[in-house]
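S.K.: Got a file for you: model-v5.txt, compact mmCIF, C-alpha atoms.
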# COMPACT_ATOMS: atom_id res chain seq x y z
CA MET A 1 167.17 45.20 -106.59
CA ASP A 2 169.24 45.39 -103.44
CA MET A 3 168.94 47.59 -100.36
CA LEU A 4 171.15 50.33 -101.77
CA MET A 5 169.14 50.61 -104.95
CA ILE A 6 165.93 50.79 -102.96
CA GLN A 7 167.50 53.55 -100.87
CA GLU A 8 168.44 55.42 -104.02
CA LYS A 9 164.93 55.05 -105.44
CA ILE A 10 163.44 56.30 -102.20
CA ASN A 11 165.65 59.38 -102.37
CA GLN A 12 164.39 60.05 -105.88
CA VAL A 13 160.80 59.64 -104.72
CA LYS A 14 161.48 62.09 -101.91
CA LYS A 15 162.63 64.61 -104.50
CA GLY A 16 159.25 64.18 -106.15
CA ASP A 17 160.09 61.66 -108.85
CA GLN A 18 157.00 59.51 -109.20
CA SER A 19 158.46 57.13 -111.74
CA ALA A 20 161.09 55.98 -109.24
CA TYR A 21 158.22 54.83 -107.07
CA GLU A 22 157.11 52.47 -109.82
CA ASP A 23 160.26 50.42 -109.23
CA VAL A 24 159.63 50.42 -105.51
CA VAL A 25 156.08 49.14 -105.96
CA ASN A 26 157.25 46.55 -108.46
CA HIS A 27 159.83 45.31 -106.02
CA PHE A 28 157.56 44.94 -102.98
CA GLN A 29 154.14 44.31 -104.53
CA HIS A 30 154.03 40.53 -104.11
CA ARG A 31 155.23 40.49 -100.52
CA ILE A 32 152.93 43.29 -99.38
CA TYR A 33 149.97 41.85 -101.23
CA HIS A 34 150.61 38.43 -99.72
CA HIS A 35 150.99 39.96 -96.27
CA CYS A 36 147.61 41.68 -96.59
CA TYR A 37 146.06 38.49 -97.91
CA ARG A 38 147.37 36.48 -94.98
CA MET A 39 145.92 39.03 -92.60
CA ILE A 40 142.51 39.54 -94.22
CA GLY A 41 141.99 36.23 -96.05
CA ASN A 42 140.32 37.64 -99.14
CA VAL A 43 142.01 38.42 -102.47
CA HIS A 44 139.94 41.47 -103.34
CA GLU A 45 140.35 43.10 -99.99
CA ALA A 46 144.03 42.16 -99.98
CA GLU A 47 144.54 43.94 -103.30
CA GLU A 48 142.67 47.01 -102.12
CA LEU A 49 144.58 47.14 -98.83
CA ALA A 50 147.97 46.60 -100.43
CA GLN A 51 147.26 49.41 -102.89
CA GLU A 52 146.19 51.63 -100.02
CA ALA A 53 149.42 50.79 -98.20
CA PHE A 54 151.58 51.77 -101.19
CA ILE A 55 149.64 55.00 -101.69
CA ARG A 56 149.98 55.92 -98.02
CA ALA A 57 153.68 55.16 -98.12
CA TYR A 58 154.05 57.46 -101.12
CA VAL A 59 152.09 60.30 -99.59
CA ASN A 60 154.04 60.04 -96.34
CA ILE A 61 157.42 59.31 -97.87
CA HIS A 62 158.95 62.35 -96.18
CA SER A 63 158.31 60.89 -92.76
CA PHE A 64 160.40 57.84 -93.68
CA ASP A 65 163.75 57.94 -91.91
CA ASN A 66 166.49 56.92 -94.35
CA ASN A 67 168.51 55.29 -91.59
CA ARG A 68 165.83 52.66 -91.23
CA LYS A 69 164.88 49.78 -93.40
CA PHE A 70 162.27 50.70 -95.96
CA SER A 71 160.69 47.26 -96.04
CA THR A 72 160.04 47.41 -92.29
CA TRP A 73 158.38 50.77 -92.68
CA LEU A 74 156.27 49.54 -95.57
CA TYR A 75 155.14 46.44 -93.68
CA ARG A 76 154.17 48.66 -90.80
CA ILE A 77 151.91 50.74 -93.01
CA ALA A 78 150.40 47.65 -94.64
CA THR A 79 149.80 46.08 -91.24
CA ASN A 80 148.17 49.21 -89.84
CA VAL A 81 145.94 49.64 -92.88
CA THR A 82 144.84 46.01 -92.61
CA ILE A 83 144.29 46.03 -88.86
CA ASP A 84 142.16 49.17 -89.26
CA ARG A 85 140.04 47.30 -91.76
CA LEU A 86 139.75 44.26 -89.52
CA ARG A 87 138.63 46.47 -86.65
CA LYS A 88 135.94 48.06 -88.78
CA LYS A 89 134.61 44.63 -89.60
CA LYS A 90 134.03 44.13 -85.88
CA PRO A 91 133.64 40.41 -85.49
CA ASP A 92 131.66 39.35 -82.43
CA PHE A 93 134.63 37.91 -80.68
CA TYR A 94 137.92 36.20 -81.23
CA LEU A 95 138.63 32.93 -79.56
CA ASP A 96 141.78 34.19 -77.93
CA ALA A 97 140.34 37.51 -76.89
CA GLU A 98 141.16 38.17 -73.29
CA ILE A 99 138.30 38.14 -70.87
CA PRO A 100 138.39 41.26 -68.73
CA HIS A 101 139.58 40.71 -65.17
CA ALA A 102 140.73 37.18 -65.87
CA ASP A 103 144.43 37.62 -66.20
CA GLY A 104 146.04 35.12 -68.50
CA LEU A 105 142.80 33.35 -69.17
CA ASP A 106 141.44 33.28 -72.65
CA MET A 107 138.36 31.70 -74.08
CA TYR A 108 140.23 28.65 -75.24
CA THR A 109 140.78 27.47 -71.72
CA GLN A 110 137.05 27.64 -71.20
CA LEU A 111 136.19 25.50 -74.18
CA PRO A 112 136.06 21.77 -73.90
CA ASN A 113 139.03 20.12 -75.49
CA ASP A 114 139.17 20.57 -79.22
CA ASP A 115 136.12 19.02 -80.79
CA ARG A 116 137.12 19.92 -84.31
CA LEU A 117 139.62 17.15 -84.75
CA PRO A 118 140.97 17.10 -88.26
CA ASP A 119 141.51 13.86 -90.12
CA GLU A 120 144.68 12.03 -89.32
CA GLU A 121 145.25 12.03 -93.04
CA VAL A 122 145.06 15.73 -93.76
CA GLU A 123 147.66 16.34 -96.33
CA GLY A 124 149.33 19.04 -98.35
CA LEU A 125 146.90 21.71 -99.36
CA GLU A 126 144.26 20.66 -96.91
CA LEU A 127 146.73 20.78 -94.06
CA LYS A 128 147.93 24.17 -95.19
CA ARG A 129 144.38 25.40 -95.37
CA TYR A 130 143.68 24.07 -91.92
CA ILE A 131 146.74 25.74 -90.45
CA TYR A 132 145.88 28.96 -92.18
CA GLN A 133 142.34 28.75 -90.86
CA GLU A 134 143.67 28.41 -87.35
CA ILE A 135 145.90 31.41 -87.83
CA SER A 136 142.93 33.40 -89.12
CA ASN A 137 140.95 32.50 -86.02
CA LEU A 138 143.46 34.38 -83.91
CA SER A 139 142.65 37.97 -83.08
CA PRO A 140 144.41 40.50 -85.34
CA ILE A 141 147.12 41.18 -82.76
CA TYR A 142 148.23 37.57 -82.46
CA ARG A 143 147.53 36.76 -86.08
CA THR A 144 149.82 39.58 -87.20
CA ILE A 145 152.63 38.45 -84.98
CA ILE A 146 152.45 34.81 -86.10
CA ILE A 147 152.32 35.83 -89.74
CA LEU A 148 155.29 38.15 -89.38
CA ARG A 149 157.35 35.66 -87.40
CA TYR A 150 156.68 32.31 -89.07
CA LEU A 151 155.20 32.98 -92.49
CA GLU A 152 157.32 35.99 -93.31
CA GLU A 153 160.30 35.16 -91.13
CA PHE A 154 160.98 38.52 -89.57
CA SER A 155 163.21 38.63 -86.52
CA LEU A 156 161.69 39.57 -83.17
CA LYS A 157 163.49 42.91 -83.33
CA GLU A 158 162.11 43.66 -86.79
CA ILE A 159 158.62 42.75 -85.61
CA SER A 160 158.97 45.16 -82.72
CA GLU A 161 159.83 47.88 -85.27
CA ILE A 162 157.01 46.96 -87.63
CA LEU A 163 154.42 46.94 -84.87
CA ASP A 164 156.08 49.75 -82.92
CA ILE A 165 155.87 47.84 -79.66
CA PRO A 166 158.66 46.90 -77.21
CA LEU A 167 160.57 43.68 -77.79
CA GLY A 168 159.24 42.27 -74.52
CA THR A 169 155.65 42.74 -75.70
CA VAL A 170 156.50 40.98 -78.97
CA LYS A 171 157.79 38.00 -76.99
CA THR A 172 154.79 37.86 -74.65
CA ARG A 173 152.41 37.95 -77.56
CA ILE A 174 154.30 35.39 -79.56
CA HIS A 175 154.35 33.01 -76.56
CA ARG A 176 150.62 33.34 -76.15
CA ALA A 177 149.99 32.89 -79.86
CA ARG A 178 152.19 29.80 -79.96
CA GLU A 179 150.36 28.28 -77.01
CA THR A 180 147.01 28.92 -78.64
CA LEU A 181 148.11 27.36 -81.89
CA ARG A 182 149.74 24.42 -80.08
CA LYS A 183 146.36 23.53 -78.66
CA LYS A 184 144.71 23.83 -82.07
CA LEU A 185 147.34 22.00 -84.02
CA ARG A 186 148.50 19.26 -81.67
CA ASN A 187 146.19 16.70 -83.22
CA VAL A 188 147.11 17.46 -86.81
CA MET B 1 151.84 21.06 -61.98
CA ASP B 2 154.11 23.73 -60.62
CA CYS B 3 156.98 22.82 -62.90
CA LYS B 4 155.02 23.74 -65.96
CA GLU B 5 154.97 27.50 -65.92
CA GLU B 6 158.69 27.85 -65.48
CA ALA B 7 159.50 25.10 -67.97
CA VAL B 8 157.07 26.42 -70.58
CA ASP B 9 158.63 29.86 -70.26
CA LEU B 10 162.00 28.29 -70.96
CA MET B 11 160.56 26.47 -73.96
CA HIS B 12 159.40 29.76 -75.45
CA THR B 13 162.72 31.39 -74.65
CA TYR B 14 164.29 28.48 -76.50
CA LEU B 15 161.98 28.95 -79.49
CA ASP B 16 162.83 32.65 -79.58
CA GLY B 17 166.51 31.74 -79.72
CA ASP B 18 167.13 33.67 -76.50
CA ILE B 19 168.01 30.76 -74.23
CA THR B 20 171.31 30.74 -72.33
CA LYS B 21 173.48 27.68 -71.85
CA GLU B 22 172.41 27.28 -68.20
CA GLU B 23 168.74 27.69 -69.02
CA GLU B 24 169.04 25.10 -71.74
CA ASP B 25 170.61 22.64 -69.28
CA THR B 26 167.84 23.32 -66.77
CA LEU B 27 165.19 22.70 -69.43
CA ARG B 28 166.87 19.52 -70.70
CA LYS B 29 167.15 18.09 -67.19
CA HIS B 30 163.54 18.89 -66.47
CA LEU B 31 162.34 17.31 -69.73
CA GLU B 32 164.16 14.10 -68.87
CA HIS B 33 161.94 13.68 -65.82
CA CYS B 34 158.65 15.30 -66.82
CA GLU B 35 156.55 13.58 -69.47
CA ASP B 36 153.94 16.32 -69.57
CA CYS B 37 156.55 18.90 -70.38
CA GLN B 38 158.10 16.61 -72.98
CA LYS B 39 154.75 16.39 -74.70
CA HIS B 40 154.24 20.12 -74.42
CA PHE B 41 157.67 20.82 -75.84
CA HIS B 42 157.11 18.38 -78.68
CA GLU B 43 153.77 20.01 -79.54
CA LEU B 44 155.28 23.47 -79.55
CA ASN B 45 158.10 22.42 -81.84
CA ARG B 46 155.66 20.73 -84.14
CA THR B 47 153.41 23.80 -84.21
CA VAL B 48 156.33 25.95 -85.25
CA THR B 49 157.29 23.46 -87.98
CA LEU B 50 153.72 23.41 -89.28
CA LEU B 51 153.57 27.20 -89.32
CA GLN B 52 156.73 27.46 -91.34
CA THR B 53 155.11 25.92 -94.42
CA LYS B 54 156.26 27.95 -97.38
CA ASP B 55 153.84 29.36 -99.88
CA GLU B 56 154.13 32.03 -102.50
CA MET B 57 151.51 34.39 -103.77
CA LYS B 58 151.74 36.97 -106.51
CA ALA B 59 150.01 40.31 -106.68
CA PRO B 60 147.54 40.74 -109.57
CA LYS B 61 149.13 41.54 -112.91
CA ASP B 62 148.43 45.25 -113.18
CA PHE B 63 148.95 45.93 -109.48
CA THR B 64 151.74 48.50 -109.93
CA LYS B 65 149.81 50.31 -112.64
CA GLN B 66 146.76 50.53 -110.41
CA VAL B 67 148.81 52.00 -107.60
CA LEU B 68 150.50 54.58 -109.82
CA GLN B 69 147.17 55.71 -111.23
CA GLN B 70 145.96 56.52 -107.75
CA LEU B 71 148.98 58.52 -106.65
CA PRO B 72 148.52 62.26 -106.31
CA ALA B 73 149.78 64.15 -109.35
CA GLU B 74 153.44 64.97 -109.15
CA LYS B 75 154.72 68.50 -109.52
CA LYS B 76 154.93 69.52 -113.15
CA HIS B 77 158.54 70.65 -113.16
CA MET B 78 159.51 67.15 -112.06
CA LYS B 79 158.27 65.68 -115.32
CA TYR B 80 160.50 67.97 -117.35
CA THR B 81 163.44 67.55 -115.04
CA ARG B 82 163.18 63.77 -115.25
CA TRP B 83 162.82 63.86 -119.02
CA LEU B 84 165.84 66.09 -119.36
CA ARG B 85 167.86 63.91 -117.01
CA SER B 86 167.03 60.75 -118.90
CA HIS B 87 167.79 62.24 -122.34
CA PRO B 88 171.07 64.11 -121.91
CA ILE B 89 172.00 64.19 -125.59
CA LEU B 90 168.61 65.41 -126.72
CA THR B 91 168.74 67.99 -123.98
CA ALA B 92 172.11 69.26 -125.15
CA ALA B 93 170.83 69.36 -128.72
CA ALA B 94 167.69 71.19 -127.67
CA VAL B 95 169.67 73.77 -125.73
CA PHE B 96 171.99 74.27 -128.66
CA VAL B 97 169.14 74.68 -131.15
CA LEU B 98 167.41 77.12 -128.82
CA PHE B 99 170.45 79.34 -128.49
CA PHE B 100 171.23 79.10 -132.14
CA MET B 101 167.70 79.99 -133.22
CA GLY B 102 167.62 82.75 -130.70
CA SER B 103 170.74 84.40 -131.97
CA LEU B 104 169.60 84.04 -135.57
CA VAL B 105 166.21 85.54 -134.93
CA SER B 106 167.73 88.49 -133.15
CA ALA B 107 170.26 88.89 -135.94
CA TRP B 108 167.43 88.85 -138.45
CA SER B 109 165.26 91.36 -136.69
CA GLU B 110 168.00 93.74 -135.64
CA GLU B 111 169.38 94.20 -139.10
CA ASN B 112 166.80 96.15 -140.94
CA LYS B 113 169.26 98.79 -141.95
CA LEU B 114 171.13 98.72 -145.20
CA VAL B 115 174.31 96.79 -144.81
CA VAL B 116 176.95 96.49 -147.46
CA SER B 117 179.94 94.25 -147.03
CA LYS B 118 182.33 96.84 -148.42
CA GLU B 119 182.19 100.34 -149.64
CA GLU B 120 185.17 100.66 -151.97
CA HIS B 121 184.27 101.58 -155.52
CA LEU B 122 180.58 101.71 -154.66
CA ILE B 123 178.04 104.47 -154.71
CA ILE B 124 175.40 104.37 -152.06
CA GLU B 125 172.26 106.44 -152.49
CA GLY B 126 169.67 105.93 -149.78
CA ASP B 127 169.05 102.22 -149.78
CA THR B 128 170.43 101.72 -153.26
CA VAL B 129 173.89 100.44 -153.84
CA ILE B 130 175.40 101.03 -157.25
CA VAL B 131 178.40 99.42 -158.81
CA PRO B 132 179.26 102.21 -161.24
CA GLU B 133 180.07 101.56 -164.85
CA GLY B 134 183.71 100.97 -165.41
CA GLU B 135 184.40 100.10 -161.80
CA THR B 136 185.53 96.67 -160.68
CA VAL B 137 184.69 95.43 -157.19
CA SER B 138 187.07 92.71 -156.26
CA GLY B 139 185.92 90.10 -153.79
CA ASP B 140 182.50 89.03 -152.58
CA LEU B 141 179.72 91.56 -152.20
CA VAL B 142 176.88 91.22 -149.73
CA VAL B 143 173.96 93.61 -149.62
CA LYS B 144 171.32 93.46 -146.92
CA ASN B 145 168.03 95.33 -146.88
CA GLY B 146 168.60 97.38 -149.98
CA LYS B 147 168.69 97.53 -153.77
CA LEU B 148 171.69 96.75 -155.90
CA ILE B 149 172.40 98.06 -159.36
CA ILE B 150 175.34 96.55 -161.10
CA ASP B 151 176.69 98.63 -163.94
CA GLY B 152 180.28 97.68 -163.43
CA ILE B 153 181.99 94.43 -162.66
CA VAL B 154 181.93 92.38 -159.47
CA ASP B 155 184.86 90.04 -159.34
CA GLY B 156 183.36 87.55 -156.88
CA ASN B 157 180.08 86.26 -155.49
CA VAL B 158 177.13 88.53 -154.96
CA THR B 159 174.70 87.78 -152.17
CA LEU B 160 171.50 89.70 -151.77
CA ILE B 161 169.83 89.38 -148.43
CA ASN B 162 166.34 90.79 -148.23
CA SER B 163 167.46 92.86 -151.17
CA MET B 164 166.62 93.34 -154.80
CA LEU B 165 168.76 93.40 -157.87
CA VAL B 166 167.67 96.28 -160.07
CA GLU B 167 168.32 95.76 -163.73
CA ASP B 168 168.84 98.78 -165.96
CA ILE B 169 166.66 99.03 -168.93
CA ASP B 170 168.59 100.35 -171.88
CA GLU B 171 167.35 102.33 -174.85
CA THR B 172 166.38 99.25 -176.81
CA GLY B 173 163.96 98.38 -174.08
CA LEU B 174 165.63 95.10 -173.48
CA LEU B 175 166.91 93.97 -170.23
CA ALA B 176 170.55 94.32 -170.39
CA SER B 177 172.86 93.45 -167.71
CA ALA B 178 175.31 96.10 -168.22
CA GLY B 179 177.36 94.83 -165.38
CA GLU B 180 179.02 91.59 -164.83
CA VAL B 181 179.25 89.18 -161.93
CA ASN B 182 182.16 86.83 -162.10
CA GLY B 183 180.79 84.51 -159.53
CA GLU B 184 177.58 83.22 -158.03
CA LEU B 185 174.58 85.44 -157.60
CA LYS B 186 172.49 84.50 -154.65
CA ASN B 187 169.25 86.01 -153.51
CA VAL B 188 168.20 85.35 -149.99
CA ASP B 189 164.96 86.90 -148.90
CA GLN B 190 163.16 84.39 -146.75
CA MET B 191 163.70 83.77 -143.11
CA PHE B 192 164.36 80.14 -143.81
CA GLU B 193 166.86 80.84 -146.51
CA TRP B 194 168.49 83.41 -144.33
CA VAL B 195 168.88 80.81 -141.61
CA TRP B 196 170.17 78.30 -144.08
CA TYR B 197 172.56 80.82 -145.50
CA ASN B 198 173.88 81.52 -142.01
CA ILE B 199 174.35 77.85 -141.27
CA LYS B 200 176.20 77.36 -144.54
CA GLN B 201 178.24 80.42 -143.80
CA THR B 202 179.09 79.15 -140.33
CA PHE B 203 180.17 75.80 -141.67
CA HIS B 204 182.10 77.50 -144.41
CA ASP B 205 183.90 79.65 -141.86
CA VAL B 206 184.55 76.77 -139.56
CA PHE B 207 185.78 74.32 -142.14
CA SER B 208 187.47 76.51 -144.67
CA PHE B 209 190.98 77.08 -143.49
CA LYS B 210 191.63 79.44 -146.31
CA THR B 211 189.32 81.97 -144.72
CA ILE B 212 191.41 81.93 -141.61
CA GLN B 213 194.64 82.53 -143.44
Translate this file's structure into structure tokens.
M.R.:
Amino acid sequence: MDMLMIQEKINQVKKGDQSAYEDVVNHFQHRIYHHCYRMIGNVHEAEELAQEAFIRAYVNIHSFDNNRKFSTWLYRIATNVTIDRLRKKKPDFYLDAEIPHADGLDMYTQLPNDDRLPDEEVEGLELKRYIYQEISNLSPIYRTIIILRYLEEFSLKEISEILDIPLGTVKTRIHRARETLRKKLRNV
Amino acid sequence: MDCKEEAVDLMHTYLDGDITKEEEDTLRKHLEHCEDCQKHFHELNRTVTLLQTKDEMKAPKDFTKQVLQQLPAEKKHMKYTRWLRSHPILTAAAVFVLFFMGSLVSAWSEENKLVVSKEEHLIIEGDTVIVPEGETVSGDLVVKNGKLIIDGIVDGNVTLINSMLVEDIDETGLLASAGEVNGELKNVDQMFEWVWYNIKQTFHDVFSFKTIQ
């Protein structure tokens, strides 16, 4: 299904046609589910969150501006739903969480150099798992941006639309996230 | 390492695809001389390559179904509208049948009075229509909501709708049809038959060109 067909389906949904939404869900289900999984790291929660995202999109379909890209809008909802969940989980701290009053410093710089050296021989799946683990260790803000940019290949402009933040902020965050991951992955 | 901050910024600008030609030259020149930055740049590039590992994941099988079950109920009229839109021929047929039935039902209920297709050579007494002895009615005869006594001759079909044919009983006590029908005698007194008769009649009118002439 191409962009135009999606647009047409969305128009039908706006008129109240629920069955048109079935095609929309079918079309995006795998991507949105995967996105939620990458963010939350658990299949059950990913399923629940992706469902929630699709339901919210349906309920709020009238606030979707037809001149925009539907996929961007949908990713935005999925991301918000997932970040809300992550916040509720309240982990003690994230490694890259900024320390108040220490501009530009994060907790990484205060740790001794990486003591979790992976095997030189990490391969395939194990490597993937390791990389994914490192992405998951990022705080939701940086995790989201890395996932959107490198795993889902959105442009910086699209990311700024999905996250509803200025392009400059996207760049700053992505630079920081890349630096963090560089330190974690340089010995892989 | 003062060079670092500026150079690292350029590296990220490069990775974002935002770097200008001049900036790229500056970065390249710097990298030629600075081993630390070379290493840094190499690590960044490698990080990006590692992150770009492709993997696919599918949503659970009944994902869409689950979502649809949780959606708020849609407005009722939408269901009909959608059904009608997706079955245009059935819709047309349904509309046709509705109108057709409607007109038939009203025709049926409106006509409770005695109706006779023609009055020539006939005697009408109350709701009784009599074809008198010795008279010949030429052409078809239709009687609705009444009684018909045929003592004479009908030179055509006789149709009784919601009507009764009254036979004379002669002196011998035997049923005698004094009259004569030189055609078909039809008795229609059920709603269904009446409908069927109308349909046949319609088709007859439509397809028989003789009637038109």
S.K.: Against chain B, which residues of chain A fall within 6 Å? For each one I want the closest pair of atoms and the distance in Å (one decimal), counting all atoms listed in the file, rows by chain and increasing residue number, as JSON lines.
M.R.:
{"residue": "A:Val25", "atom": "CA", "partner": "B:Thr64", "partner_atom": "CA", "distance": 5.9}
{"residue": "A:His30", "atom": "CA", "partner": "B:Ala59", "partner_atom": "CA", "distance": 4.8}
{"residue": "A:Tyr33", "atom": "CA", "partner": "B:Ala59", "partner_atom": "CA", "distance": 5.7}
{"residue": "A:His34", "atom": "CA", "partner": "B:Met57", "partner_atom": "CA", "distance": 5.8}
{"residue": "A:Gln51", "atom": "CA", "partner": "B:Val67", "partner_atom": "CA", "distance": 5.6}
{"residue": "A:Tyr150", "atom": "CA", "partner": "B:Gln52", "partner_atom": "CA", "distance": 5.4}
{"residue": "A:Leu151", "atom": "CA", "partner": "B:Gln52", "partner_atom": "CA", "distance": 5.8}
{"residue": "A:Arg182", "atom": "CA", "partner": "B:Thr47", "partner_atom": "CA", "distance": 5.6}
{"residue": "A:Arg186", "atom": "CA", "partner": "B:Glu43", "partner_atom": "CA", "distance": 5.7}
S.K.: As an exercise, work out the distance from atom CA of Ala53 of chain A to atom CA of Cys36 of chain A in Å and give it to one decimal place.
M.R.: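 So the two atoms, atom CA of Ala53 of chain A and atom CA of Cys36 of chain A, lie 9.4 Å apart.
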S.K.: So the first atom is atom CA of Ile146 of chain A and the second is atom CA of Glu32 of chain B; what is the distance between them in Å, to one decimal place?
M.R.: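 Those two atoms sit 29.4 Å apart.
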S.K.: So that I can see what lies close to Val81 of chain A, please list as a VMD selection string the residues with an atom at most 10 Å from it, counting all atoms listed in the file and leaving out residues fewer than 5 positions away in the same chain.
M.R.: chain A and resid 36 49 to 50 52 to 53 56 75 to 76 86
S.K.: Can I get the selection written as a PDB file, in the coordinates of the input, with C-alpha atoms?
M.R.:
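The resulting file, result-v4.pdb, is shown below:
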ATOM      1  CA  CYS A  36     147.610  41.680 -96.590  1.00  0.00           C
ATOM      2  CA  LEU A  49     144.580  47.140 -98.830  1.00  0.00           C
ATOM      3  CA  ALA A  50     147.970  46.600-100.430  1.00  0.00           C
ATOM      4  CA  GLU A  52     146.190  51.630-100.020  1.00  0.00           C
ATOM      5  CA  ALA A  53     149.420  50.790 -98.200  1.00  0.00           C
ATOM      6  CA  ARG A  56     149.980  55.920 -98.020  1.00  0.00           C
ATOM      7  CA  TYR A  75     155.140  46.440 -93.680  1.00  0.00           C
ATOM      8  CA  ARG A  76     154.170  48.660 -90.800  1.00  0.00           C
ATOM      9  CA  LEU A  86     139.750  44.260 -89.520  1.00  0.00           C
TER      10      LEU A  86
END
S.K.: Would you compute the distance between atom CA of Asp25 of chain B and atom CA of Val170 of chain A? Give it in Å to one decimal.
M.R.: 25.1 Å
S.K.: Phe64 of chain A: which residues within 10 Å, counting all atoms listed in the file, same-chain residues fewer than 5 positions away excluded, as a list in words?
M.R.: Ile10, Lys14, Ala57, Tyr58, Lys69, Phe70, Trp73 and Leu74 of chain A
S.K.: Which residue is closest to Leu31 of chain B? Choose from B:Val131, B:Ala92, B:Ala7, B:Tyr14 and count all atoms listed in the file.
M.R.: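 The closest residue to Leu31 of chain B is B:Ala7.
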S.K.: Looking at A:Met1, A:His62, A:Ser71, A:Phe54, which one is nearest to Ile162 of chain A, with distances taken over all atoms listed in the file?
M.R.: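 That would be A:Ser71, the residue with the smallest distance to Ile162 of chain A.
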S.K.: Using all atoms listed in the file, can you tell me which of A:Asp2, A:Asp84, A:Glu48, A:Glu153 comes closest to Ile141 of chain A?
M.R.: A:Asp84
